[in-house]
$ cat my_file_6.txt   # compact mmCIF, C-alpha atoms
# COMPACT_ATOMS: atom_id res chain seq x y z
CA MET A 1 -16.03 -2.35 22.88
CA ARG A 2 -16.46 1.41 22.54
CA VAL A 3 -13.65 2.98 20.54
CA LEU A 4 -13.13 6.69 19.85
CA GLY A 5 -11.51 7.39 16.49
CA LEU A 6 -9.74 10.74 16.01
CA MET A 7 -8.63 11.90 12.59
CA SER A 8 -7.19 14.98 10.91
CA GLY A 9 -6.52 14.62 7.21
CA THR A 10 -4.62 16.40 4.47
CA SER A 11 -6.97 19.39 4.62
CA HIS A 12 -5.51 20.01 8.13
CA ASP A 13 -8.55 22.09 9.10
CA GLY A 14 -9.47 20.31 12.33
CA ILE A 15 -10.12 17.04 14.14
CA ASP A 16 -12.96 14.66 13.28
CA SER A 17 -14.16 12.30 15.99
CA ALA A 18 -16.39 9.21 16.12
CA VAL A 19 -17.33 6.94 19.01
CA VAL A 20 -18.43 3.51 17.79
CA ASP A 21 -19.61 0.60 19.92
CA TRP A 22 -18.33 -2.53 18.16
CA THR A 23 -19.86 -5.99 18.67
CA MET A 24 -18.62 -9.14 16.91
CA ALA A 25 -21.17 -11.82 16.02
CA ALA A 26 -20.55 -15.53 15.51
CA ASP A 27 -21.32 -15.23 11.79
CA GLY A 28 -18.32 -12.97 11.20
CA VAL A 29 -20.33 -9.76 10.99
CA LEU A 30 -19.01 -6.85 13.07
CA THR A 31 -21.74 -4.40 14.00
CA GLY A 32 -20.82 -0.85 14.82
CA VAL A 33 -23.28 1.47 16.52
CA VAL A 34 -22.17 5.03 15.78
CA GLU A 35 -22.87 6.82 19.06
CA HIS A 36 -21.19 10.13 18.29
CA VAL A 37 -19.61 12.04 15.44
CA GLY A 38 -18.10 15.48 15.78
CA ALA A 39 -15.62 17.96 14.36
CA ARG A 40 -13.42 20.41 16.21
CA PRO A 41 -11.64 23.06 14.12
CA TYR A 42 -8.04 23.80 14.91
CA GLU A 43 -7.50 27.12 16.63
CA PRO A 44 -6.43 29.63 13.95
CA GLU A 45 -2.94 30.01 15.42
CA LEU A 46 -2.36 26.24 15.43
CA ARG A 47 -3.68 25.77 11.91
CA ALA A 48 -1.42 28.58 10.72
CA ALA A 49 1.54 26.88 12.41
CA ILE A 50 0.68 23.56 10.72
CA VAL A 51 0.39 25.26 7.32
CA ALA A 52 3.74 26.97 7.89
CA ALA A 53 5.38 23.59 8.60
CA LEU A 54 4.06 21.86 5.48
CA PRO A 55 6.14 21.46 2.32
CA PRO A 56 7.75 23.33 0.73
CA HIS A 57 8.38 25.42 3.87
CA PRO A 58 11.52 24.68 5.90
CA VAL A 59 11.12 23.68 9.56
CA ASP A 60 13.42 23.19 12.53
CA MET A 61 13.21 20.75 15.43
CA ALA A 62 11.83 23.41 17.77
CA GLN A 63 8.80 23.75 15.48
CA VAL A 64 8.41 19.98 15.33
CA CYS A 65 8.49 19.70 19.12
CA ARG A 66 5.97 22.49 19.60
CA LEU A 67 3.63 21.08 16.97
CA ASP A 68 3.84 17.55 18.38
CA THR A 69 2.79 18.92 21.76
CA LEU A 70 0.15 21.39 20.58
CA ILE A 71 -1.49 18.92 18.18
CA GLY A 72 -1.50 16.26 20.90
CA GLN A 73 -3.18 18.69 23.28
CA ALA A 74 -5.71 19.64 20.58
CA PHE A 75 -6.54 15.97 20.04
CA ALA A 76 -6.94 15.54 23.81
CA GLY A 77 -9.31 18.51 23.81
CA ALA A 78 -11.36 16.95 21.01
CA ALA A 79 -11.48 13.65 22.90
CA ARG A 80 -12.79 15.34 26.04
CA GLU A 81 -15.79 16.59 24.06
CA CYS A 82 -16.80 13.01 23.15
CA PRO A 83 -18.67 10.35 25.16
CA ALA A 84 -16.48 8.04 27.23
CA ALA A 85 -14.79 5.16 25.41
CA ASP A 86 -12.79 2.07 26.34
CA LEU A 87 -10.03 2.85 23.83
CA ILE A 88 -8.95 5.80 21.67
CA CYS A 89 -7.35 5.49 18.25
CA SER A 90 -5.63 8.68 17.13
CA HIS A 91 -4.35 9.21 13.61
CA GLY A 92 -2.63 12.49 14.49
CA GLN A 93 -1.75 15.05 11.84
CA THR A 94 0.39 14.08 8.86
CA LEU A 95 3.20 16.61 8.42
CA TYR A 96 5.31 14.69 5.94
CA HIS A 97 4.95 11.60 3.74
CA TRP A 98 8.39 10.71 2.38
CA VAL A 99 8.11 9.24 -1.14
CA GLU A 100 11.10 8.62 -3.41
CA ASP A 101 10.89 6.94 -6.83
CA GLY A 102 7.39 5.71 -6.06
CA ARG A 103 8.42 4.07 -2.77
CA VAL A 104 7.46 5.36 0.66
CA ARG A 105 10.57 5.69 2.83
CA GLY A 106 8.83 7.08 5.90
CA THR A 107 5.81 8.96 7.16
CA LEU A 108 5.37 11.43 10.01
CA GLN A 109 2.19 12.06 11.96
CA LEU A 110 2.43 14.50 14.88
CA GLY A 111 0.18 14.73 17.93
CA GLN A 112 1.82 13.16 20.98
CA PRO A 113 -0.64 10.50 22.26
CA ALA A 114 0.53 10.80 25.88
CA TRP A 115 -1.47 14.04 26.15
CA ILE A 116 -4.62 12.14 25.17
CA ALA A 117 -3.93 9.21 27.51
CA GLU A 118 -3.11 11.55 30.41
CA SER A 119 -6.23 13.64 29.85
CA LEU A 120 -8.72 10.80 29.30
CA GLY A 121 -7.10 8.03 31.35
CA VAL A 122 -7.71 5.31 28.72
CA PRO A 123 -5.30 3.55 26.35
CA VAL A 124 -4.48 5.22 23.04
CA VAL A 125 -3.51 3.50 19.79
CA SER A 126 -1.44 5.83 17.59
CA ASP A 127 1.25 5.99 14.90
CA LEU A 128 -0.54 3.46 12.72
CA ARG A 129 0.87 4.25 9.28
CA VAL A 130 4.55 3.63 9.93
CA ARG A 131 4.01 -0.07 10.76
CA ASP A 132 2.74 -0.67 7.25
CA VAL A 133 5.56 1.43 5.77
CA SER A 134 8.16 -0.62 7.66
CA ALA A 135 6.70 -3.76 5.99
CA GLY A 136 7.18 -2.22 2.55
CA GLY A 137 3.75 -0.64 2.21
CA HIS A 138 2.70 2.91 1.44
CA GLY A 139 0.98 3.37 4.81
CA ALA A 140 -1.95 4.75 2.83
CA PRO A 141 -4.76 4.57 2.30
CA LEU A 142 -5.25 2.62 5.54
CA VAL A 143 -9.00 3.10 5.18
CA SER A 144 -8.93 0.21 2.67
CA ALA A 145 -9.02 -2.28 5.57
CA PHE A 146 -12.36 -0.70 6.54
CA ASP A 147 -13.66 -0.37 2.98
CA LEU A 148 -13.37 -4.04 2.04
CA PRO A 149 -15.71 -5.47 4.71
CA LEU A 150 -17.97 -2.40 4.44
CA LEU A 151 -18.50 -2.94 0.70
CA ALA A 152 -18.86 -6.72 1.01
CA GLY A 153 -22.24 -7.77 -0.35
CA LEU A 154 -22.79 -4.77 -2.61
CA PRO A 155 -23.79 -5.90 -6.11
CA GLY A 156 -21.66 -5.39 -9.21
CA ARG A 157 -18.24 -3.80 -9.21
CA ALA A 158 -18.24 -1.45 -6.25
CA GLY A 159 -15.54 0.89 -4.99
CA ALA A 160 -15.04 3.39 -2.18
CA LEU A 161 -13.85 6.93 -2.80
CA ASN A 162 -12.79 9.47 -0.19
CA LEU A 163 -12.44 13.09 -1.28
CA GLY A 164 -10.30 14.85 1.31
CA GLY A 165 -7.23 16.95 0.59
CA ILE A 166 -6.08 13.93 -1.42
CA ALA A 167 -8.50 11.54 -3.11
CA ASN A 168 -8.16 7.81 -2.51
CA LEU A 169 -9.95 4.88 -4.10
CA THR A 170 -10.47 1.30 -2.87
CA VAL A 171 -11.41 -1.44 -5.34
CA PRO A 172 -12.27 -4.71 -3.57
CA ALA A 173 -12.42 -6.81 -6.75
CA VAL A 174 -8.65 -6.54 -7.28
CA PRO A 175 -8.10 -5.71 -4.35
CA VAL A 176 -6.21 -2.44 -4.58
CA ALA A 177 -6.31 0.96 -2.89
CA TYR A 178 -4.34 4.09 -3.68
CA ASP A 179 -4.27 7.87 -3.82
CA THR A 180 -5.55 9.04 -7.20
CA GLY A 181 -4.23 12.59 -6.73
CA PRO A 182 -5.51 15.85 -5.27
CA ALA A 183 -9.15 16.25 -4.26
CA SER A 184 -9.30 19.61 -2.47
CA ALA A 185 -5.55 20.12 -1.88
CA LEU A 186 -4.91 22.36 -4.89
CA LEU A 187 -8.35 23.99 -4.76
CA ASP A 188 -7.73 24.99 -1.14
CA ALA A 189 -4.18 26.16 -1.90
CA ALA A 190 -5.44 28.40 -4.71
CA ILE A 191 -8.17 30.12 -2.73
CA LEU A 192 -6.01 30.47 0.39
CA ALA A 193 -3.26 32.18 -1.62
CA ALA A 194 -5.72 34.52 -3.36
CA THR A 195 -8.16 35.39 -0.56
CA GLY A 196 -6.88 34.04 2.76
CA ARG A 197 -10.00 31.87 3.05
CA PRO A 198 -9.40 28.16 3.67
CA TYR A 199 -11.75 26.81 0.97
CA ASP A 200 -14.29 27.67 -1.73
CA GLU A 201 -17.56 27.30 0.17
CA ASP A 202 -20.05 25.17 -1.81
CA GLY A 203 -17.81 25.55 -4.85
CA ARG A 204 -19.34 28.95 -5.60
CA LEU A 205 -16.26 30.53 -7.18
CA ALA A 206 -15.44 27.41 -9.19
CA ALA A 207 -19.02 27.34 -10.47
CA ALA A 208 -18.56 30.85 -11.88
CA GLY A 209 -15.41 29.91 -13.82
CA ARG A 210 -14.57 28.10 -17.03
CA VAL A 211 -12.18 25.18 -17.43
CA HIS A 212 -8.94 26.11 -19.21
CA GLU A 213 -8.16 23.04 -21.30
CA GLY A 214 -4.51 24.00 -21.80
CA LEU A 215 -3.75 24.21 -18.09
CA LEU A 216 -5.82 21.10 -17.42
CA ALA A 217 -3.77 19.15 -19.97
CA GLU A 218 -0.52 20.32 -18.38
CA LEU A 219 -1.72 19.36 -14.90
CA LEU A 220 -2.82 15.93 -16.15
CA ALA A 221 0.67 15.37 -17.58
CA ASP A 222 2.14 15.07 -14.07
CA PRO A 223 4.00 11.72 -13.84
CA TYR A 224 2.16 10.76 -10.64
CA TYR A 225 -1.00 9.87 -12.55
CA ARG A 226 0.87 7.34 -14.71
CA ARG A 227 2.43 5.46 -11.80
CA THR A 228 1.18 1.95 -11.16
CA PRO A 229 -0.72 1.35 -7.89
CA PRO A 230 -0.25 0.90 -5.02
CA LYS A 231 0.86 4.50 -4.72
CA SER A 232 0.39 7.39 -2.34
CA THR A 233 0.97 11.12 -2.33
CA GLY A 234 0.26 14.26 -0.34
CA LYS A 235 1.08 17.92 -0.01
CA GLU A 236 4.75 17.09 -0.40
CA LEU A 237 3.88 17.13 -4.12
CA PHE A 238 0.54 18.88 -4.50
CA HIS A 239 1.12 22.15 -2.66
CA GLU A 240 0.87 25.88 -3.31
CA GLY A 241 4.36 26.09 -4.81
CA TYR A 242 3.57 23.30 -7.27
CA LEU A 243 0.39 25.06 -8.33
CA ALA A 244 2.09 28.43 -8.70
CA ARG A 245 4.82 26.94 -10.88
CA VAL A 246 2.41 25.18 -13.24
CA ALA A 247 -0.41 27.74 -13.35
CA ALA A 248 1.52 31.04 -13.34
CA PRO A 249 2.16 31.18 -17.12
CA TYR A 250 -1.59 31.01 -17.78
CA ALA A 251 -2.49 34.01 -15.59
CA LEU A 252 -6.06 32.80 -15.04
CA ASP A 253 -8.49 34.63 -12.81
CA LEU A 254 -9.38 32.80 -9.61
CA ALA A 255 -12.75 31.46 -10.79
CA ASP A 256 -11.27 29.91 -13.95
CA LEU A 257 -8.35 28.47 -11.98
CA LEU A 258 -10.71 26.84 -9.47
CA ALA A 259 -12.94 25.49 -12.24
CA THR A 260 -9.87 23.95 -13.89
CA LEU A 261 -8.68 22.40 -10.61
CA ALA A 262 -12.15 20.93 -9.99
CA ALA A 263 -11.95 19.39 -13.47
CA LEU A 264 -8.52 17.97 -12.57
CA THR A 265 -9.96 16.21 -9.54
CA GLY A 266 -12.94 14.99 -11.54
CA GLU A 267 -10.83 13.62 -14.40
CA THR A 268 -8.08 11.96 -12.33
CA VAL A 269 -10.64 10.17 -10.15
CA ALA A 270 -12.97 9.32 -13.03
CA ALA A 271 -10.09 7.88 -15.05
CA GLU A 272 -9.45 5.33 -12.30
CA ILE A 273 -13.16 4.54 -11.95
CA ARG A 274 -13.30 3.89 -15.69
CA ARG A 275 -10.12 1.82 -15.55
CA HIS A 276 -11.59 -0.53 -12.97
CA ARG A 277 -15.02 -0.57 -14.67
CA LEU A 278 -16.80 0.32 -11.45
CA ASP A 279 -20.56 0.68 -11.54
CA THR A 280 -21.13 1.78 -7.92
CA VAL A 281 -18.88 4.16 -5.97
CA VAL A 282 -19.47 4.92 -2.29
CA VAL A 283 -18.28 8.50 -1.72
CA SER A 284 -17.21 10.26 1.47
CA GLY A 285 -15.12 13.22 2.60
CA GLY A 286 -15.42 16.98 2.41
CA GLY A 287 -15.31 16.96 -1.40
CA VAL A 288 -18.83 15.51 -1.41
CA ARG A 289 -20.02 19.01 -0.45
CA ASN A 290 -18.41 20.62 -3.50
CA PRO A 291 -21.06 20.39 -6.24
CA VAL A 292 -18.60 21.42 -8.96
CA VAL A 293 -16.24 18.55 -8.15
CA MET A 294 -19.14 16.09 -7.96
CA ASP A 295 -20.61 17.34 -11.26
CA GLU A 296 -17.24 16.93 -12.96
CA LEU A 297 -16.98 13.43 -11.55
CA ARG A 298 -20.44 12.40 -12.75
CA ARG A 299 -19.87 13.90 -16.19
CA ARG A 300 -16.55 12.10 -16.63
CA ALA A 301 -17.76 8.74 -15.26
CA PRO A 302 -21.15 8.37 -16.97
CA GLY A 303 -23.40 5.53 -15.90
CA VAL A 304 -21.74 5.14 -12.50
CA ARG A 305 -23.95 5.29 -9.41
CA PHE A 306 -22.39 7.55 -6.79
CA LEU A 307 -23.69 6.63 -3.35
CA ALA A 308 -23.00 8.74 -0.26
CA SER A 309 -21.45 6.62 2.49
CA ASP A 310 -24.28 7.86 4.73
CA GLU A 311 -26.52 5.32 2.99
CA LEU A 312 -24.35 2.55 4.47
CA GLY A 313 -24.59 4.04 7.96
CA VAL A 314 -21.29 5.92 7.69
CA PRO A 315 -21.66 9.75 7.87
CA SER A 316 -19.59 11.05 4.95
CA ASP A 317 -17.84 13.75 7.01
CA ALA A 318 -16.83 11.21 9.66
CA LYS A 319 -15.90 8.18 7.59
CA GLU A 320 -12.18 8.32 8.30
CA ALA A 321 -12.74 8.86 12.04
CA ILE A 322 -15.05 5.81 12.03
CA ALA A 323 -12.44 3.87 10.04
CA PHE A 324 -9.77 4.68 12.62
CA SER A 325 -12.14 3.60 15.39
CA TYR A 326 -12.31 0.28 13.53
CA LEU A 327 -8.52 0.10 13.12
CA GLY A 328 -8.14 0.71 16.86
CA TRP A 329 -10.60 -2.13 17.53
CA LEU A 330 -8.55 -4.42 15.27
CA THR A 331 -5.31 -3.58 17.07
CA ALA A 332 -6.90 -4.14 20.48
CA HIS A 333 -8.05 -7.60 19.36
CA GLY A 334 -4.70 -8.60 17.84
CA LEU A 335 -5.90 -8.36 14.24
CA ALA A 336 -4.08 -6.91 11.23
CA GLY A 337 -5.23 -3.51 10.03
CA THR A 338 -3.68 -3.59 6.57
CA VAL A 339 -4.43 -5.37 3.31
CA PRO A 340 -1.08 -6.10 1.63
CA GLY A 341 -2.52 -6.00 -1.90
CA CYS A 342 -3.89 -2.54 -1.16
CA THR A 343 -0.93 -0.84 0.49
CA GLY A 344 1.86 -2.88 -1.09
CA ALA A 345 3.16 -4.26 2.22
CA SER A 346 4.84 -7.67 2.17
CA GLU A 347 2.38 -9.02 4.76
CA ALA A 348 -0.55 -7.85 6.85
CA ARG A 349 0.47 -6.15 10.09
CA ILE A 350 -1.14 -5.24 13.40
CA LEU A 351 -0.96 -1.46 13.40
CA GLY A 352 0.16 1.18 15.84
CA THR A 353 1.67 1.62 19.25
CA VAL A 354 -0.35 1.57 22.47
CA THR A 355 0.04 4.23 25.16
CA PRO A 356 -1.48 2.96 28.43
CA GLY A 357 -4.07 4.97 30.33
CA ARG A 358 -3.91 5.64 34.04
CA GLY A 359 -4.36 2.04 35.16
CA PRO A 360 -2.87 -1.30 34.08
CA LEU A 361 -3.08 -1.99 30.36
CA ARG A 362 -5.80 -4.59 29.76
CA LEU A 363 -6.73 -5.53 26.22
CA PRO A 364 -9.38 -8.04 25.07
CA GLU A 365 -8.53 -11.63 24.22
CA PRO A 366 -7.12 -11.82 20.67
CA LEU A 367 -9.52 -12.95 17.94
CA ALA A 368 -8.64 -15.57 15.36
CA ALA A 369 -10.09 -13.98 12.25
CA LEU A 370 -10.97 -10.61 10.74
CA PRO A 371 -14.61 -9.62 10.37
CA GLU A 372 -16.05 -10.70 7.05
CA ARG A 373 -18.54 -7.87 6.89
CA LEU A 374 -19.24 -4.58 8.65
CA ARG A 375 -22.69 -3.35 9.50
CA LEU A 376 -22.93 0.27 10.69
CA ARG A 377 -25.96 1.90 12.20

$ encode --input "my_file_6.txt" --output "structure tokens"
Amino acid sequence: MRVLGLMSGTSHDGIDSAVVDWTMAADGVLTGVVEHVGARPYEPELRAAIVAALPPHPVDMAQVCRLDTLIGQAFAGAARECPAADLICSHGQTLYHWVEDGRVRGTLQLGQPAWIAESLGVPVVSDLRVRDVSAGGHGAPLVSAFDLPLLAGLPGRAGALNLGGIANLTVPAVPVAYDTGPASALLDAAILAATGRPYDEDGRLAAAGRVHEGLLAELLADPYYRRTPPKSTGKELFHEGYLARVAAPYALDLADLLATLAALTGETVAAEIRRHRLDTVVVSGGGVRNPVVMDELRRRAPGVRFLASDELGVPSDAKEAIAFSYLGWLTAHGLAGTVPGCTGASEARILGTVTPGRGPLRLPEPLAALPERLRLR
């Protein structure tokens, strides 16, 4: 079954896509042939509208309606650029993740799937996170359901790390998966506020700065890092206003601020790697391309082998799109797409809602068991 996964993460810079042809074998191994990966940036006006709707900015229902439509149309446009698929799984764009006292009360992803189904004529699985939240889970990181069979068979104590706007870690040995804190969220907020550019390309400015230990210590004192997993977070907490409040008294120049924020990402992730005594970490996401973040991570987690997900057949820039292709495949086959120990849900749940395409809705026969291992090529 060929499934197109569409994903836009907490960096809200565009839409990643991946078409994977999935084949289940009798031995419980699911093979995925990655036929296409791509990325389509948001149009500047749409990205600006998304940024303007993120916390701590106020929004009204007219903005929500417009964004739901425009993001849905953008996802449909991204889908049209991909090879044909039997099913599409769309994550949409997270606009708000409602967390109170460590519990997720709700989560909102915009990008109306009807625009995708109407444009492509095939069924669309969408709105995956809220099903896990309704069962008491955090709805994140859903990629843990993909990580566990992907890492199966790796020697030692392995984990999977994704460095997007927020960093998340999956540890199969427990099992547990959770957001460790910001990856690029605060770095991007700092450079956007200072220069209008969306990110620090190749970490060049951060590389020219020096870590301010006082500010780093204050950032590390945030209560989020002491919460017990499973836990999740987003730009509801780690946004420009948060950074301005904490960093303003230090009056650092931009390079030193970015160097300090890269150290924050490195230390908060490395602390969790050390806590779980991991010896191999499979890394993906845009943060892989920031050498300053990666250097901080290696320095603070000595002896750990950091392996790009590409070496397991999963292009690091497209891992989450591939993971959502997999989650769509699970839903189509009547299989749960959550791991309760990872998200905190009471039980595993089949994820998402299905919007039919142009013809009658026909899904495959349900399968009895989840894949034991994933093999990507």

$ closest_residue --input "my_file_6.txt" --among "A:Gly14, A:Gly159, A:Pro302, A:Gly181" --to "A:Tyr225" --atoms "all atoms listed in the file"
A:Gly181

$ residues_around --input "my_file_6.txt" --residues "A:Pro83" --least-positions-apart "6" --cutoff "9 Å" --atoms "only C-alpha atoms" --output "CSV table (one decimal) with C-alpha atoms, in the coordinates of the input"
chain,number,residue,atom,x,y,z
A,4,LEU,CA,-13.1,6.7,19.8
A,19,VAL,CA,-17.3,6.9,19.0
A,35,GLU,CA,-22.9,6.8,19.1
A,36,HIS,CA,-21.2,10.1,18.3

$ residues_around --input "my_file_6.txt" --residues "A:Leu264" --least-positions-apart "3" --cutoff "10 Å" --atoms "only C-alpha atoms" --output "PyMOL selection string"
chain A and resi 181-183+186-187+211+215-217+219-220+258-261+267-270+293+296-297

$ write_last_selection --input "my_file_6.txt" --atoms "C-alpha atoms" --output "compact mmCIF listing (two decimals), in the frame of the given file"
# COMPACT_ATOMS: atom_id res chain seq x y z
CA GLY A 181 -4.23 12.59 -6.73
CA PRO A 182 -5.51 15.85 -5.27
CA ALA A 183 -9.15 16.25 -4.26
CA LEU A 186 -4.91 22.36 -4.89
CA LEU A 187 -8.35 23.99 -4.76
CA VAL A 211 -12.18 25.18 -17.43
CA LEU A 215 -3.75 24.21 -18.09
CA LEU A 216 -5.82 21.10 -17.42
CA ALA A 217 -3.77 19.15 -19.97
CA LEU A 219 -1.72 19.36 -14.90
CA LEU A 220 -2.82 15.93 -16.15
CA LEU A 258 -10.71 26.84 -9.47
CA ALA A 259 -12.94 25.49 -12.24
CA THR A 260 -9.87 23.95 -13.89
CA LEU A 261 -8.68 22.40 -10.61
CA GLU A 267 -10.83 13.62 -14.40
CA THR A 268 -8.08 11.96 -12.33
CA VAL A 269 -10.64 10.17 -10.15
CA ALA A 270 -12.97 9.32 -13.03
CA VAL A 293 -16.24 18.55 -8.15
CA GLU A 296 -17.24 16.93 -12.96
CA LEU A 297 -16.98 13.43 -11.55

$ closest_residue --input "my_file_6.txt" --among "A:Asp279, A:Asp188, A:Glu311, A:Asp147" --to "A:Glu240" --atoms "only C-alpha atoms"
A:Asp188

$ closest_residue --input "my_file_6.txt" --among "A:Gly352, A:Pro175, A:Gly337, A:Pro123" --to "A:Phe146" --atoms "all atoms listed in the file"
A:Gly337

$ residues_near_point --input "my_file_6.txt" --point "(-9.4, -2.1, 17.0)" --cutoff "10 Å" --atoms "all atoms listed in the file" --output "VMD selection string"
chain A and resid 1 to 5 22 87 to 89 125 323 to 337 350 to 351

$ atom_distance --input "my_file_6.txt" --atom1 "atom CA of A:Arg377" --atom2 "atom CA of A:Pro149"
14.7 Å

$ atom_distance --input "my_file_6.txt" --atom1 "atom CA of A:Ala18" --atom2 "atom CA of A:Gly286"
15.8 Å

$ residues_around --input "my_file_6.txt" --residues "A:Arg373" --least-positions-apart "2" --cutoff "7 Å" --atoms "all atoms listed in the file" --output "ChimeraX atom specification"
/A:28-30,149-150,152,371,375

$ closest_residue --input "my_file_6.txt" --among "A:Arg129, A:Arg300, A:His239, A:Arg210" --to "A:Leu192" --atoms "all atoms listed in the file"
A:His239

$ atom_distance --input "my_file_6.txt" --atom1 "atom CA of A:Ser346" --atom2 "atom CA of A:Asp132"
8.9 Å

$ residues_around --input "my_file_6.txt" --residues "A:Val37" --least-positions-apart "6" --cutoff "9 Å" --atoms "all atoms listed in the file" --output "list in words"
Asp16, Ser17, Ala18, Val19, Val20, Cys82, Pro315, Asp317, Ala318, Ala321 and Ile322 of chain A

$ closest_residue --input "my_file_6.txt" --among "A:Pro56, A:Glu118, A:Glu365, A:Arg103" --to "A:Tyr242" --atoms "all atoms listed in the file"
A:Pro56

$ residues_around --input "my_file_6.txt" --residues "A:Ala78" --least-positions-apart "4" --cutoff "9 Å" --atoms "only C-alpha atoms" --output "PyMOL selection string"
chain A and resi 6+15-17+38-40+73-74+82

$ closest_residue --input "my_file_6.txt" --among "A:Glu45, A:Asp179, A:Asp127, A:Asp60" --to "A:Ala140" --atoms "all atoms listed in the file"
A:Asp179

$ axis_aligned_box --input "my_file_6.txt" --around "stretch 235-245 of chain A" --padding-each-side "5 Å" --output "lines of an AutoDock Vina configuration file"
center_x = 2.6
center_y = 22.8
center_z = -5.4
size_x = 14.4
size_y = 21.3
size_z = 20.9

$ build_atoms --input "my_file_6.txt" --residues "stretch 194-206 of chain A" --atoms "N, CA, C and O atoms" --output "CSV table (one decimal), keeping the file's coordinate frame"
chain,number,residue,atom,x,y,z
A,194,ALA,N,-5.1,33.3,-2.7
A,194,ALA,CA,-5.7,34.5,-3.4
A,194,ALA,C,-6.6,35.3,-2.4
A,194,ALA,O,-6.7,36.6,-2.5
A,195,THR,N,-7.2,34.7,-1.4
A,195,THR,CA,-8.2,35.4,-0.6
A,195,THR,C,-7.9,35.3,0.9
A,195,THR,O,-8.5,36.0,1.7
A,196,GLY,N,-7.1,34.3,1.3
A,196,GLY,CA,-6.9,34.0,2.8
A,196,GLY,C,-8.0,33.1,3.4
A,196,GLY,O,-7.9,32.8,4.5
A,197,ARG,N,-9.0,32.8,2.6
A,197,ARG,CA,-10.0,31.9,3.0
A,197,ARG,C,-9.5,30.4,2.9
A,197,ARG,O,-8.8,30.1,1.9
A,198,PRO,N,-9.9,29.5,3.7
A,198,PRO,CA,-9.4,28.2,3.7
A,198,PRO,C,-10.0,27.3,2.5
A,198,PRO,O,-9.3,26.4,2.1
A,199,TYR,N,-11.2,27.6,2.0
A,199,TYR,CA,-11.8,26.8,1.0
A,199,TYR,C,-12.8,27.6,0.3
A,199,TYR,O,-13.3,28.6,0.8
A,200,ASP,N,-13.2,27.1,-0.9
A,200,ASP,CA,-14.3,27.7,-1.7
A,200,ASP,C,-15.6,27.1,-1.3
A,200,ASP,O,-16.0,26.0,-1.7
A,201,GLU,N,-16.3,27.8,-0.4
A,201,GLU,CA,-17.6,27.3,0.2
A,201,GLU,C,-18.6,27.0,-0.9
A,201,GLU,O,-18.9,27.8,-1.8
A,202,ASP,N,-19.1,25.7,-0.9
A,202,ASP,CA,-20.0,25.2,-1.8
A,202,ASP,C,-19.6,25.3,-3.3
A,202,ASP,O,-20.4,25.2,-4.2
A,203,GLY,N,-18.3,25.5,-3.5
A,203,GLY,CA,-17.8,25.6,-4.8
A,203,GLY,C,-18.3,26.7,-5.6
A,203,GLY,O,-18.3,26.7,-6.9
A,204,ARG,N,-18.7,27.8,-4.9
A,204,ARG,CA,-19.3,29.0,-5.6
A,204,ARG,C,-18.4,29.6,-6.6
A,204,ARG,O,-18.9,30.0,-7.7
A,205,LEU,N,-17.2,29.9,-6.2
A,205,LEU,CA,-16.3,30.5,-7.2
A,205,LEU,C,-15.9,29.6,-8.4
A,205,LEU,O,-15.9,30.1,-9.5
A,206,ALA,N,-15.7,28.3,-8.1
A,206,ALA,CA,-15.4,27.4,-9.2
A,206,ALA,C,-16.6,27.3,-10.2
A,206,ALA,O,-16.4,27.2,-11.4
